[in-house]
$ cat work33.pdb   # PDB, N, CA and C atoms
ATOM      1  N   GLY A   1       0.813  -1.188   0.000
ATOM      2  CA  GLY A   1       0.000   0.000   0.000
ATOM      3  C   GLY A   1       0.854   1.249   0.000
ATOM      4  N   THR A   2       0.246   2.326  -0.380
ATOM      5  CA  THR A   2       0.942   3.609  -0.375
ATOM      6  C   THR A   2       0.703   4.322   0.948
ATOM      7  N   TRP A   3       1.617   5.216   1.257
ATOM      8  CA  TRP A   3       1.514   6.032   2.457
ATOM      9  C   TRP A   3       0.890   7.361   2.077
ATOM     10  N   ARG A   4       0.119   7.907   2.973
ATOM     11  CA  ARG A   4      -0.537   9.194   2.736
ATOM     12  C   ARG A   4      -0.274  10.131   3.913
ATOM     13  N   ILE A   5      -0.383  11.400   3.617
ATOM     14  CA  ILE A   5      -0.315  12.375   4.695
ATOM     15  C   ILE A   5      -1.657  12.356   5.422
ATOM     16  N   PRO A   6      -1.713  12.810   6.679
ATOM     17  CA  PRO A   6      -2.999  12.893   7.367
ATOM     18  C   PRO A   6      -3.948  13.804   6.576
ATOM     19  N   GLN A   7      -5.163  13.340   6.397
ATOM     20  CA  GLN A   7      -6.134  14.087   5.596
ATOM     21  C   GLN A   7      -7.484  14.104   6.281
ATOM     22  N   GLY A   8      -8.312  15.024   5.854
ATOM     23  CA  GLY A   8      -9.677  15.093   6.362
ATOM     24  C   GLY A   8     -10.420  16.253   5.746
ATOM     25  N   GLU A   9     -11.688  16.285   6.006
ATOM     26  CA  GLU A   9     -12.548  17.351   5.500
ATOM     27  C   GLU A   9     -12.256  18.659   6.230
ATOM     28  N   ILE A  10     -12.427  19.756   5.512
ATOM     29  CA  ILE A  10     -12.278  21.084   6.104
ATOM     30  C   ILE A  10     -13.668  21.588   6.454
ATOM     31  N   LYS A  11     -13.860  21.979   7.691
ATOM     32  CA  LYS A  11     -15.156  22.501   8.126
ATOM     33  C   LYS A  11     -15.383  23.865   7.486
ATOM     34  N   PRO A  12     -16.638  24.247   7.269
ATOM     35  CA  PRO A  12     -16.920  25.516   6.578
ATOM     36  C   PRO A  12     -16.261  26.746   7.211
ATOM     37  N   ASP A  13     -16.138  26.785   8.519
ATOM     38  CA  ASP A  13     -15.570  27.961   9.189
ATOM     39  C   ASP A  13     -14.105  27.769   9.580
ATOM     40  N   GLU A  14     -13.448  26.755   9.027
ATOM     41  CA  GLU A  14     -12.085  26.395   9.425
ATOM     42  C   GLU A  14     -11.063  26.825   8.369
ATOM     43  N   ALA A  15      -9.975  27.446   8.793
ATOM     44  CA  ALA A  15      -8.883  27.788   7.878
ATOM     45  C   ALA A  15      -8.177  26.498   7.460
ATOM     46  N   VAL A  16      -7.712  26.455   6.219
ATOM     47  CA  VAL A  16      -7.109  25.238   5.675
ATOM     48  C   VAL A  16      -5.906  24.790   6.509
ATOM     49  N   LEU A  17      -5.010  25.710   6.863
ATOM     50  CA  LEU A  17      -3.842  25.333   7.660
ATOM     51  C   LEU A  17      -4.258  24.837   9.043
ATOM     52  N   ASN A  18      -5.232  25.468   9.654
ATOM     53  CA  ASN A  18      -5.706  25.002  10.967
ATOM     54  C   ASN A  18      -6.280  23.591  10.863
ATOM     55  N   ALA A  19      -7.008  23.322   9.781
ATOM     56  CA  ALA A  19      -7.559  21.980   9.569
ATOM     57  C   ALA A  19      -6.432  20.966   9.417
ATOM     58  N   ALA A  20      -5.394  21.329   8.660
ATOM     59  CA  ALA A  20      -4.262  20.420   8.450
ATOM     60  C   ALA A  20      -3.564  20.114   9.777
ATOM     61  N   CYS A  21      -3.362  21.133  10.593
ATOM     62  CA  CYS A  21      -2.711  20.920  11.897
ATOM     63  C   CYS A  21      -3.556  20.021  12.792
ATOM     64  N   SER A  22      -4.867  20.248  12.798
ATOM     65  CA  SER A  22      -5.760  19.425  13.614
ATOM     66  C   SER A  22      -5.738  17.974  13.170
ATOM     67  N   ARG A  23      -5.808  17.733  11.856
ATOM     68  CA  ARG A  23      -5.815  16.361  11.344
ATOM     69  C   ARG A  23      -4.492  15.666  11.652
ATOM     70  N   PHE A  24      -3.386  16.396  11.522
ATOM     71  CA  PHE A  24      -2.074  15.812  11.832
ATOM     72  C   PHE A  24      -2.032  15.381  13.293
ATOM     73  N   THR A  25      -2.431  16.270  14.179
ATOM     74  CA  THR A  25      -2.403  15.969  15.608
ATOM     75  C   THR A  25      -3.335  14.799  15.933
ATOM     76  N   GLU A  26      -4.538  14.795  15.342
ATOM     77  CA  GLU A  26      -5.491  13.711  15.583
ATOM     78  C   GLU A  26      -4.935  12.367  15.112
ATOM     79  N   GLU A  27      -4.315  12.332  13.940
ATOM     80  CA  GLU A  27      -3.890  11.069  13.356
ATOM     81  C   GLU A  27      -2.513  10.598  13.819
ATOM     82  N   VAL A  28      -1.612  11.532  14.125
ATOM     83  CA  VAL A  28      -0.239  11.158  14.467
ATOM     84  C   VAL A  28       0.024  11.240  15.968
ATOM     85  N   GLY A  29      -0.706  12.093  16.665
ATOM     86  CA  GLY A  29      -0.523  12.206  18.099
ATOM     87  C   GLY A  29       0.568  13.183  18.504
ATOM     88  N   LEU A  30       1.109  13.923  17.552
ATOM     89  CA  LEU A  30       2.107  14.958  17.834
ATOM     90  C   LEU A  30       1.529  16.313  17.440
ATOM     91  N   PRO A  31       1.894  17.374  18.148
ATOM     92  CA  PRO A  31       1.407  18.688  17.744
ATOM     93  C   PRO A  31       2.066  19.139  16.441
ATOM     94  N   ALA A  32       1.323  19.878  15.658
ATOM     95  CA  ALA A  32       1.849  20.464  14.422
ATOM     96  C   ALA A  32       2.016  21.960  14.670
ATOM     97  N   PHE A  33       3.251  22.442  14.571
ATOM     98  CA  PHE A  33       3.481  23.873  14.771
ATOM     99  C   PHE A  33       4.571  24.331  13.827
ATOM    100  N   GLY A  34       4.503  25.611  13.448
ATOM    101  CA  GLY A  34       5.414  26.172  12.451
ATOM    102  C   GLY A  34       6.778  26.474  13.013
ATOM    103  N   PRO A  35       7.591  26.995  12.131
ATOM    104  CA  PRO A  35       7.179  27.556  10.847
ATOM    105  C   PRO A  35       6.798  26.457   9.854
ATOM    106  N   PHE A  36       5.789  26.780   9.030
ATOM    107  CA  PHE A  36       5.292  25.860   8.025
ATOM    108  C   PHE A  36       5.826  26.251   6.654
ATOM    109  N   ILE A  37       6.090  25.258   5.832
ATOM    110  CA  ILE A  37       6.503  25.485   4.449
ATOM    111  C   ILE A  37       5.337  25.031   3.574
ATOM    112  N   PRO A  38       4.648  25.965   2.915
ATOM    113  CA  PRO A  38       3.511  25.564   2.077
ATOM    114  C   PRO A  38       3.980  24.813   0.840
ATOM    115  N   LEU A  39       3.217  23.806   0.460
ATOM    116  CA  LEU A  39       3.491  23.008  -0.734
ATOM    117  C   LEU A  39       2.319  23.191  -1.709
ATOM    118  N   ARG A  40       2.590  23.019  -2.996
ATOM    119  CA  ARG A  40       1.524  23.165  -3.992
ATOM    120  C   ARG A  40       0.425  22.133  -3.728
ATOM    121  N   PRO A  41      -0.832  22.533  -3.846
ATOM    122  CA  PRO A  41      -1.922  21.567  -3.668
ATOM    123  C   PRO A  41      -1.811  20.425  -4.675
ATOM    124  N   ALA A  42      -2.224  19.244  -4.248
ATOM    125  CA  ALA A  42      -2.214  18.052  -5.104
ATOM    126  C   ALA A  42      -3.648  17.657  -5.413
ATOM    127  N   GLN A  43      -3.871  17.220  -6.628
ATOM    128  CA  GLN A  43      -5.202  16.752  -7.001
ATOM    129  C   GLN A  43      -5.227  15.229  -6.999
ATOM    130  N   GLN A  44      -6.177  14.670  -6.259
ATOM    131  CA  GLN A  44      -6.359  13.228  -6.185
ATOM    132  C   GLN A  44      -7.032  12.734  -7.478
ATOM    133  N   ARG A  45      -6.954  11.431  -7.725
ATOM    134  CA  ARG A  45      -7.671  10.852  -8.872
ATOM    135  C   ARG A  45      -9.166  11.129  -8.781
ATOM    136  N   SER A  46      -9.676  11.202  -7.560
ATOM    137  CA  SER A  46     -11.102  11.461  -7.344
ATOM    138  C   SER A  46     -11.489  12.895  -7.689
ATOM    139  N   GLY A  47     -10.486  13.755  -7.875
ATOM    140  CA  GLY A  47     -10.744  15.161  -8.153
ATOM    141  C   GLY A  47     -10.603  16.047  -6.930
ATOM    142  N   SER A  48     -10.576  15.466  -5.740
ATOM    143  CA  SER A  48     -10.433  16.288  -4.536
ATOM    144  C   SER A  48      -9.022  16.866  -4.461
ATOM    145  N   ILE A  49      -8.917  18.013  -3.836
ATOM    146  CA  ILE A  49      -7.654  18.725  -3.695
ATOM    147  C   ILE A  49      -7.119  18.504  -2.283
ATOM    148  N   VAL A  50      -5.816  18.170  -2.199
ATOM    149  CA  VAL A  50      -5.155  17.984  -0.904
ATOM    150  C   VAL A  50      -4.120  19.088  -0.753
ATOM    151  N   HIS A  51      -4.221  19.839   0.340
ATOM    152  CA  HIS A  51      -3.262  20.889   0.658
ATOM    153  C   HIS A  51      -2.226  20.303   1.601
ATOM    154  N   GLY A  52      -0.975  20.698   1.426
ATOM    155  CA  GLY A  52       0.072  20.163   2.280
ATOM    156  C   GLY A  52       1.047  21.235   2.729
ATOM    157  N   TRP A  53       1.607  21.024   3.897
ATOM    158  CA  TRP A  53       2.648  21.874   4.460
ATOM    159  C   TRP A  53       3.704  20.963   5.060
ATOM    160  N   ALA A  54       4.903  21.436   5.096
ATOM    161  CA  ALA A  54       5.976  20.724   5.774
ATOM    162  C   ALA A  54       6.364  21.525   7.010
ATOM    163  N   PHE A  55       6.853  20.821   8.015
ATOM    164  CA  PHE A  55       7.369  21.479   9.217
ATOM    165  C   PHE A  55       8.283  20.507   9.927
ATOM    166  N   ALA A  56       9.144  21.034  10.763
ATOM    167  CA  ALA A  56      10.049  20.187  11.538
ATOM    168  C   ALA A  56       9.265  19.592  12.700
ATOM    169  N   ALA A  57       9.394  18.279  12.876
ATOM    170  CA  ALA A  57       8.688  17.598  13.966
ATOM    171  C   ALA A  57       9.666  16.681  14.671
ATOM    172  N   ALA A  58       9.353  16.357  15.899
ATOM    173  CA  ALA A  58      10.164  15.388  16.636
ATOM    174  C   ALA A  58      10.116  14.071  15.879
ATOM    175  N   ASN A  59      11.232  13.392  15.779
ATOM    176  CA  ASN A  59      11.246  12.131  15.036
ATOM    177  C   ASN A  59      11.354  10.917  15.944
ATOM    178  N   GLU A  60      10.914  11.063  17.150
ATOM    179  CA  GLU A  60      10.988   9.949  18.082
ATOM    180  C   GLU A  60       9.704   9.126  17.994
ATOM    181  N   ALA A  61       9.816   7.917  17.506
ATOM    182  CA  ALA A  61       8.651   7.057  17.335
ATOM    183  C   ALA A  61       7.922   6.824  18.654
ATOM    184  N   ALA A  62       8.635   6.909  19.770
ATOM    185  CA  ALA A  62       8.002   6.685  21.073
ATOM    186  C   ALA A  62       6.947   7.743  21.359
ATOM    187  N   ASP A  63       7.052   8.917  20.726
ATOM    188  CA  ASP A  63       6.084   9.982  20.952
ATOM    189  C   ASP A  63       4.784   9.762  20.195
ATOM    190  N   LEU A  64       4.774   8.848  19.231
ATOM    191  CA  LEU A  64       3.589   8.643  18.411
ATOM    192  C   LEU A  64       2.522   7.887  19.189
ATOM    193  N   GLN A  65       1.304   8.418  19.150
ATOM    194  CA  GLN A  65       0.182   7.783  19.827
ATOM    195  C   GLN A  65      -0.902   7.550  18.777
ATOM    196  N   LEU A  66      -0.736   6.518  17.987
ATOM    197  CA  LEU A  66      -1.625   6.249  16.871
ATOM    198  C   LEU A  66      -2.750   5.309  17.275
ATOM    199  N   ALA A  67      -3.847   5.427  16.532
ATOM    200  CA  ALA A  67      -4.933   4.462  16.690
ATOM    201  C   ALA A  67      -4.427   3.110  16.193
ATOM    202  N   PRO A  68      -5.007   2.010  16.668
ATOM    203  CA  PRO A  68      -4.516   0.678  16.275
ATOM    204  C   PRO A  68      -4.451   0.458  14.761
ATOM    205  N   GLU A  69      -5.369   1.057  14.001
ATOM    206  CA  GLU A  69      -5.369   0.847  12.552
ATOM    207  C   GLU A  69      -4.426   1.798  11.805
ATOM    208  N   GLU A  70      -3.792   2.711  12.513
ATOM    209  CA  GLU A  70      -2.898   3.688  11.900
ATOM    210  C   GLU A  70      -1.446   3.261  12.068
ATOM    211  N   ARG A  71      -0.593   3.783  11.184
ATOM    212  CA  ARG A  71       0.837   3.493  11.250
ATOM    213  C   ARG A  71       1.589   4.715  10.721
ATOM    214  N   ALA A  72       2.685   5.049  11.341
ATOM    215  CA  ALA A  72       3.514   6.167  10.891
ATOM    216  C   ALA A  72       4.978   5.773  10.990
ATOM    217  N   GLU A  73       5.764   6.270  10.055
ATOM    218  CA  GLU A  73       7.213   6.052  10.073
ATOM    219  C   GLU A  73       7.883   7.285   9.493
ATOM    220  N   TRP A  74       9.169   7.446   9.818
ATOM    221  CA  TRP A  74       9.981   8.505   9.240
ATOM    222  C   TRP A  74      10.842   7.873   8.155
ATOM    223  N   PHE A  75      10.896   8.517   6.972
ATOM    224  CA  PHE A  75      11.660   7.997   5.845
ATOM    225  C   PHE A  75      12.653   9.037   5.348
ATOM    226  N   THR A  76      13.709   8.568   4.697
ATOM    227  CA  THR A  76      14.580   9.482   3.967
ATOM    228  C   THR A  76      13.774  10.001   2.776
ATOM    229  N   PRO A  77      14.173  11.127   2.192
ATOM    230  CA  PRO A  77      13.425  11.641   1.030
ATOM    231  C   PRO A  77      13.309  10.618  -0.099
ATOM    232  N   GLN A  78      14.396   9.925  -0.413
ATOM    233  CA  GLN A  78      14.347   8.946  -1.511
ATOM    234  C   GLN A  78      13.390   7.803  -1.195
ATOM    235  N   ALA A  79      13.443   7.287   0.022
ATOM    236  CA  ALA A  79      12.549   6.198   0.399
ATOM    237  C   ALA A  79      11.095   6.665   0.417
ATOM    238  N   ALA A  80      10.867   7.890   0.854
ATOM    239  CA  ALA A  80       9.506   8.427   0.913
ATOM    240  C   ALA A  80       8.894   8.541  -0.477
ATOM    241  N   LYS A  81       9.691   8.919  -1.467
ATOM    242  CA  LYS A  81       9.168   9.066  -2.829
ATOM    243  C   LYS A  81       8.618   7.753  -3.370
ATOM    244  N   PHE A  82       9.158   6.619  -2.925
ATOM    245  CA  PHE A  82       8.676   5.330  -3.394
ATOM    246  C   PHE A  82       7.470   4.829  -2.603
ATOM    247  N   ARG A  83       7.232   5.411  -1.437
ATOM    248  CA  ARG A  83       6.154   4.920  -0.579
ATOM    249  C   ARG A  83       4.921   5.818  -0.575
ATOM    250  N   ILE A  84       5.103   7.106  -0.815
ATOM    251  CA  ILE A  84       3.997   8.045  -0.721
ATOM    252  C   ILE A  84       3.042   7.887  -1.904
ATOM    253  N   ASP A  85       1.826   8.296  -1.713
ATOM    254  CA  ASP A  85       0.835   8.309  -2.795
ATOM    255  C   ASP A  85       1.454   9.040  -3.984
ATOM    256  N   PRO A  86       1.435   8.450  -5.181
ATOM    257  CA  PRO A  86       2.060   9.093  -6.347
ATOM    258  C   PRO A  86       1.570  10.516  -6.607
ATOM    259  N   ALA A  87       0.338  10.827  -6.223
ATOM    260  CA  ALA A  87      -0.188  12.183  -6.414
ATOM    261  C   ALA A  87       0.503  13.204  -5.521
ATOM    262  N   HIS A  88       1.212  12.731  -4.499
ATOM    263  CA  HIS A  88       1.885  13.620  -3.548
ATOM    264  C   HIS A  88       3.404  13.544  -3.637
ATOM    265  N   ALA A  89       3.934  12.666  -4.467
ATOM    266  CA  ALA A  89       5.381  12.440  -4.508
ATOM    267  C   ALA A  89       6.181  13.677  -4.883
ATOM    268  N   TYR A  90       5.617  14.543  -5.723
ATOM    269  CA  TYR A  90       6.365  15.743  -6.113
ATOM    270  C   TYR A  90       6.602  16.669  -4.935
ATOM    271  N   TRP A  91       5.827  16.518  -3.855
ATOM    272  CA  TRP A  91       6.036  17.357  -2.674
ATOM    273  C   TRP A  91       7.432  17.169  -2.098
ATOM    274  N   ILE A  92       7.969  15.994  -2.197
ATOM    275  CA  ILE A  92       9.291  15.726  -1.614
ATOM    276  C   ILE A  92      10.362  16.517  -2.341
ATOM    277  N   ASP A  93      10.342  16.486  -3.681
ATOM    278  CA  ASP A  93      11.307  17.287  -4.448
ATOM    279  C   ASP A  93      11.080  18.777  -4.225
ATOM    280  N   GLU A  94       9.820  19.174  -4.159
ATOM    281  CA  GLU A  94       9.496  20.590  -3.925
ATOM    282  C   GLU A  94      10.035  21.050  -2.574
ATOM    283  N   LEU A  95       9.859  20.230  -1.558
ATOM    284  CA  LEU A  95      10.361  20.577  -0.224
ATOM    285  C   LEU A  95      11.878  20.682  -0.210
ATOM    286  N   ILE A  96      12.554  19.720  -0.815
ATOM    287  CA  ILE A  96      14.025  19.763  -0.868
ATOM    288  C   ILE A  96      14.489  21.028  -1.575
ATOM    289  N   ALA A  97      13.849  21.391  -2.670
ATOM    290  CA  ALA A  97      14.222  22.611  -3.403
ATOM    291  C   ALA A  97      14.004  23.844  -2.523
ATOM    292  N   GLN A  98      12.886  23.901  -1.828
ATOM    293  CA  GLN A  98      12.608  25.057  -0.948
ATOM    294  C   GLN A  98      13.624  25.143   0.189
ATOM    295  N   LEU A  99      13.985  24.019   0.762
ATOM    296  CA  LEU A  99      14.960  24.021   1.859
ATOM    297  C   LEU A  99      16.335  24.474   1.361
ATOM    298  N   ARG A 100      16.699  24.089   0.160
ATOM    299  CA  ARG A 100      17.989  24.536  -0.406
ATOM    300  C   ARG A 100      17.992  26.045  -0.607
ATOM    301  N   LEU A 101      16.857  26.599  -1.037
ATOM    302  CA  LEU A 101      16.759  28.042  -1.229
ATOM    303  C   LEU A 101      16.896  28.804   0.091
ATOM    304  N   GLN A 102      16.410  28.206   1.168
ATOM    305  CA  GLN A 102      16.457  28.846   2.488
ATOM    306  C   GLN A 102      17.857  28.813   3.097
ATOM    307  N   SER A 103      18.694  27.867   2.685
ATOM    308  CA  SER A 103      20.007  27.762   3.325
ATOM    309  C   SER A 103      21.071  28.551   2.601
TER
END
$ encode --input "work33.pdb" --output "structure tokens"
Amino acid sequence: GTWRIPQGEIKPDEAVLNAACSRFTEEVGLPAFGPFIPLRPAQQRSGSIVHGWAFAAANEAADLQLAPEERAEWFTPQAAKFRIDPAHAYWIDELIAQLRLQS
């Protein structure tokens, strides 16, 4: 199976970034806080649009409090490109390019 970023519906009165942070925290069990790096929206095969942001997070698996049916892992960029949903794979190259520009 492919790996996906935490996703969910955006409530009518909810800002997109706030929704993304809430879904991340709900699904991964870690807080999501900036600074955030915005990524280009991805379109799913279904036509729905997925918004994504990158941010630095603790990488200690012991901190993860996932539901029994959920699973999370940390990957190198190259390994992530082979595991992530193909509709989101370009985010990895985009993030690396943005990080190079910042340094």
$ atom_distance --input "work33.pdb" --atom1 "atom C of A:Pro77" --atom2 "atom CA of A:Ile37"
17.0 Å
$ resolve_selection --input "work33.pdb" --expression "the PyMOL selection byres ((chain A and resi 42) around 7)" --output "list in words"
Leu39, Arg40, Pro41, Gln43, Gln44, Ser48, Ile49, Val50, His51, Gly52, Ala87 and His88 of chain A
$ select_by_dssp --input "work33.pdb" --residues "stretch 3-100 of chain A" --states "helix (DSSP H, G or I)" --output "number ranges by chain"
A: 16-28, 61-63, 77-83, 86-88, 90-100
$ write_last_selection --input "work33.pdb" --atoms "N, CA and C atoms" --output "tab-separated table (two decimals), in the frame of the given file"
chain	number	residue	atom	x	y	z
A	16	VAL	N	-7.71	26.46	6.22
A	16	VAL	CA	-7.11	25.24	5.68
A	16	VAL	C	-5.91	24.79	6.51
A	17	LEU	N	-5.01	25.71	6.86
A	17	LEU	CA	-3.84	25.33	7.66
A	17	LEU	C	-4.26	24.84	9.04
A	18	ASN	N	-5.23	25.47	9.65
A	18	ASN	CA	-5.71	25.00	10.97
A	18	ASN	C	-6.28	23.59	10.86
A	19	ALA	N	-7.01	23.32	9.78
A	19	ALA	CA	-7.56	21.98	9.57
A	19	ALA	C	-6.43	20.97	9.42
A	20	ALA	N	-5.39	21.33	8.66
A	20	ALA	CA	-4.26	20.42	8.45
A	20	ALA	C	-3.56	20.11	9.78
A	21	CYS	N	-3.36	21.13	10.59
A	21	CYS	CA	-2.71	20.92	11.90
A	21	CYS	C	-3.56	20.02	12.79
A	22	SER	N	-4.87	20.25	12.80
A	22	SER	CA	-5.76	19.42	13.61
A	22	SER	C	-5.74	17.97	13.17
A	23	ARG	N	-5.81	17.73	11.86
A	23	ARG	CA	-5.82	16.36	11.34
A	23	ARG	C	-4.49	15.67	11.65
A	24	PHE	N	-3.39	16.40	11.52
A	24	PHE	CA	-2.07	15.81	11.83
A	24	PHE	C	-2.03	15.38	13.29
A	25	THR	N	-2.43	16.27	14.18
A	25	THR	CA	-2.40	15.97	15.61
A	25	THR	C	-3.34	14.80	15.93
A	26	GLU	N	-4.54	14.80	15.34
A	26	GLU	CA	-5.49	13.71	15.58
A	26	GLU	C	-4.93	12.37	15.11
A	27	GLU	N	-4.32	12.33	13.94
A	27	GLU	CA	-3.89	11.07	13.36
A	27	GLU	C	-2.51	10.60	13.82
A	28	VAL	N	-1.61	11.53	14.12
A	28	VAL	CA	-0.24	11.16	14.47
A	28	VAL	C	0.02	11.24	15.97
A	61	ALA	N	9.82	7.92	17.51
A	61	ALA	CA	8.65	7.06	17.34
A	61	ALA	C	7.92	6.82	18.65
A	62	ALA	N	8.64	6.91	19.77
A	62	ALA	CA	8.00	6.68	21.07
A	62	ALA	C	6.95	7.74	21.36
A	63	ASP	N	7.05	8.92	20.73
A	63	ASP	CA	6.08	9.98	20.95
A	63	ASP	C	4.78	9.76	20.20
A	77	PRO	N	14.17	11.13	2.19
A	77	PRO	CA	13.42	11.64	1.03
A	77	PRO	C	13.31	10.62	-0.10
A	78	GLN	N	14.40	9.93	-0.41
A	78	GLN	CA	14.35	8.95	-1.51
A	78	GLN	C	13.39	7.80	-1.20
A	79	ALA	N	13.44	7.29	0.02
A	79	ALA	CA	12.55	6.20	0.40
A	79	ALA	C	11.10	6.66	0.42
A	80	ALA	N	10.87	7.89	0.85
A	80	ALA	CA	9.51	8.43	0.91
A	80	ALA	C	8.89	8.54	-0.48
A	81	LYS	N	9.69	8.92	-1.47
A	81	LYS	CA	9.17	9.07	-2.83
A	81	LYS	C	8.62	7.75	-3.37
A	82	PHE	N	9.16	6.62	-2.92
A	82	PHE	CA	8.68	5.33	-3.39
A	82	PHE	C	7.47	4.83	-2.60
A	83	ARG	N	7.23	5.41	-1.44
A	83	ARG	CA	6.15	4.92	-0.58
A	83	ARG	C	4.92	5.82	-0.57
A	86	PRO	N	1.44	8.45	-5.18
A	86	PRO	CA	2.06	9.09	-6.35
A	86	PRO	C	1.57	10.52	-6.61
A	87	ALA	N	0.34	10.83	-6.22
A	87	ALA	CA	-0.19	12.18	-6.41
A	87	ALA	C	0.50	13.20	-5.52
A	88	HIS	N	1.21	12.73	-4.50
A	88	HIS	CA	1.88	13.62	-3.55
A	88	HIS	C	3.40	13.54	-3.64
A	90	TYR	N	5.62	14.54	-5.72
A	90	TYR	CA	6.36	15.74	-6.11
A	90	TYR	C	6.60	16.67	-4.93
A	91	TRP	N	5.83	16.52	-3.86
A	91	TRP	CA	6.04	17.36	-2.67
A	91	TRP	C	7.43	17.17	-2.10
A	92	ILE	N	7.97	15.99	-2.20
A	92	ILE	CA	9.29	15.73	-1.61
A	92	ILE	C	10.36	16.52	-2.34
A	93	ASP	N	10.34	16.49	-3.68
A	93	ASP	CA	11.31	17.29	-4.45
A	93	ASP	C	11.08	18.78	-4.22
A	94	GLU	N	9.82	19.17	-4.16
A	94	GLU	CA	9.50	20.59	-3.92
A	94	GLU	C	10.04	21.05	-2.57
A	95	LEU	N	9.86	20.23	-1.56
A	95	LEU	CA	10.36	20.58	-0.22
A	95	LEU	C	11.88	20.68	-0.21
A	96	ILE	N	12.55	19.72	-0.82
A	96	ILE	CA	14.02	19.76	-0.87
A	96	ILE	C	14.49	21.03	-1.58
A	97	ALA	N	13.85	21.39	-2.67
A	97	ALA	CA	14.22	22.61	-3.40
A	97	ALA	C	14.00	23.84	-2.52
A	98	GLN	N	12.89	23.90	-1.83
A	98	GLN	CA	12.61	25.06	-0.95
A	98	GLN	C	13.62	25.14	0.19
A	99	LEU	N	13.98	24.02	0.76
A	99	LEU	CA	14.96	24.02	1.86
A	99	LEU	C	16.34	24.47	1.36
A	100	ARG	N	16.70	24.09	0.16
A	100	ARG	CA	17.99	24.54	-0.41
A	100	ARG	C	17.99	26.04	-0.61
$ atom_distance --input "work33.pdb" --atom1 "atom CA of A:Pro31" --atom2 "atom CA of A:Arg4"
17.9 Å
$ closest_residue --input "work33.pdb" --among "A:Glu9, A:Glu27, A:Glu14, A:Asp85" --to "A:Ala72" --atoms "all atoms listed in the file"
A:Glu27
$ atom_distance --input "work33.pdb" --atom1 "atom CA of A:Phe36" --atom2 "atom CA of A:Val16"
12.6 Å
$ closest_residue --input "work33.pdb" --among "A:Phe55, A:Leu101, A:Ala20, A:Thr2" --to "A:Ala79" --atoms "only C-alpha atoms"
A:Thr2
$ closest_residue --input "work33.pdb" --among "A:Lys81, A:Arg45, A:Arg71, A:Lys11" --to "A:Val28" --atoms "only N, CA and C atoms"
A:Arg71
$ closest_residue --input "work33.pdb" --among "A:Ser103, A:Gln7, A:Arg83, A:Ser46" --to "A:Ala19" --atoms "only N, CA and C atoms"
A:Gln7
$ residues_around --input "work33.pdb" --residues "A:Glu70" --least-positions-apart "5" --cutoff "12 Å" --atoms "only C-alpha atoms" --output "short mmCIF file (atom, residue, chain, number, x, y, z; two decimals) with N, CA and C atoms, keeping the file's coordinate frame"
data_model
loop_
_atom_site.label_atom_id
_atom_site.label_comp_id
_atom_site.auth_asym_id
_atom_site.auth_seq_id
_atom_site.Cartn_x
_atom_site.Cartn_y
_atom_site.Cartn_z
N TRP A 3 1.62 5.22 1.26
CA TRP A 3 1.51 6.03 2.46
C TRP A 3 0.89 7.36 2.08
N ARG A 4 0.12 7.91 2.97
CA ARG A 4 -0.54 9.19 2.74
C ARG A 4 -0.27 10.13 3.91
N ILE A 5 -0.38 11.40 3.62
CA ILE A 5 -0.32 12.38 4.70
C ILE A 5 -1.66 12.36 5.42
N PRO A 6 -1.71 12.81 6.68
CA PRO A 6 -3.00 12.89 7.37
C PRO A 6 -3.95 13.80 6.58
N GLU A 26 -4.54 14.80 15.34
CA GLU A 26 -5.49 13.71 15.58
C GLU A 26 -4.93 12.37 15.11
N GLU A 27 -4.32 12.33 13.94
CA GLU A 27 -3.89 11.07 13.36
C GLU A 27 -2.51 10.60 13.82
N VAL A 28 -1.61 11.53 14.12
CA VAL A 28 -0.24 11.16 14.47
C VAL A 28 0.02 11.24 15.97
N GLY A 29 -0.71 12.09 16.66
CA GLY A 29 -0.52 12.21 18.10
C GLY A 29 0.57 13.18 18.50
N LEU A 64 4.77 8.85 19.23
CA LEU A 64 3.59 8.64 18.41
C LEU A 64 2.52 7.89 19.19
N GLN A 65 1.30 8.42 19.15
CA GLN A 65 0.18 7.78 19.83
C GLN A 65 -0.90 7.55 18.78
#
$ select_by_dssp --input "work33.pdb" --residues "stretch 21-97 of chain A" --states "strand (DSSP E)" --output "PyMOL selection string"
chain A and resi 37-43+49-54
$ closest_residue --input "work33.pdb" --among "A:Ala54, A:Gly8, A:Pro35, A:Asp93" --to "A:Arg23" --atoms "all atoms listed in the file"
A:Gly8
$ closest_residue --input "work33.pdb" --among "A:Phe75, A:Ala80, A:Pro38, A:Ser22" --to "A:Gln98" --atoms "only C-alpha atoms"
A:Pro38
$ build_atoms --input "work33.pdb" --residues "stretch 76-80 of chain A" --atoms "N, CA, C and O atoms" --output "PDB file, keeping the file's coordinate frame"
ATOM      1  N   THR A  76      13.709   8.568   4.697  1.00  0.00           N
ATOM      2  CA  THR A  76      14.580   9.482   3.967  1.00  0.00           C
ATOM      3  C   THR A  76      13.774  10.001   2.776  1.00  0.00           C
ATOM      4  O   THR A  76      12.780   9.373   2.369  1.00  0.00           O
ATOM      5  N   PRO A  77      14.173  11.127   2.192  1.00  0.00           N
ATOM      6  CA  PRO A  77      13.425  11.641   1.030  1.00  0.00           C
ATOM      7  C   PRO A  77      13.309  10.618  -0.099  1.00  0.00           C
ATOM      8  O   PRO A  77      12.233  10.448  -0.681  1.00  0.00           O
ATOM      9  N   GLN A  78      14.396   9.925  -0.413  1.00  0.00           N
ATOM     10  CA  GLN A  78      14.347   8.946  -1.511  1.00  0.00           C
ATOM     11  C   GLN A  78      13.390   7.803  -1.195  1.00  0.00           C
ATOM     12  O   GLN A  78      12.615   7.375  -2.043  1.00  0.00           O
ATOM     13  N   ALA A  79      13.443   7.287   0.022  1.00  0.00           N
ATOM     14  CA  ALA A  79      12.549   6.198   0.399  1.00  0.00           C
ATOM     15  C   ALA A  79      11.095   6.665   0.417  1.00  0.00           C
ATOM     16  O   ALA A  79      10.200   5.934   0.002  1.00  0.00           O
ATOM     17  N   ALA A  80      10.867   7.890   0.854  1.00  0.00           N
ATOM     18  CA  ALA A  80       9.506   8.427   0.913  1.00  0.00           C
ATOM     19  C   ALA A  80       8.894   8.541  -0.477  1.00  0.00           C
ATOM     20  O   ALA A  80       7.698   8.275  -0.651  1.00  0.00           O
TER      21      ALA A  80
END
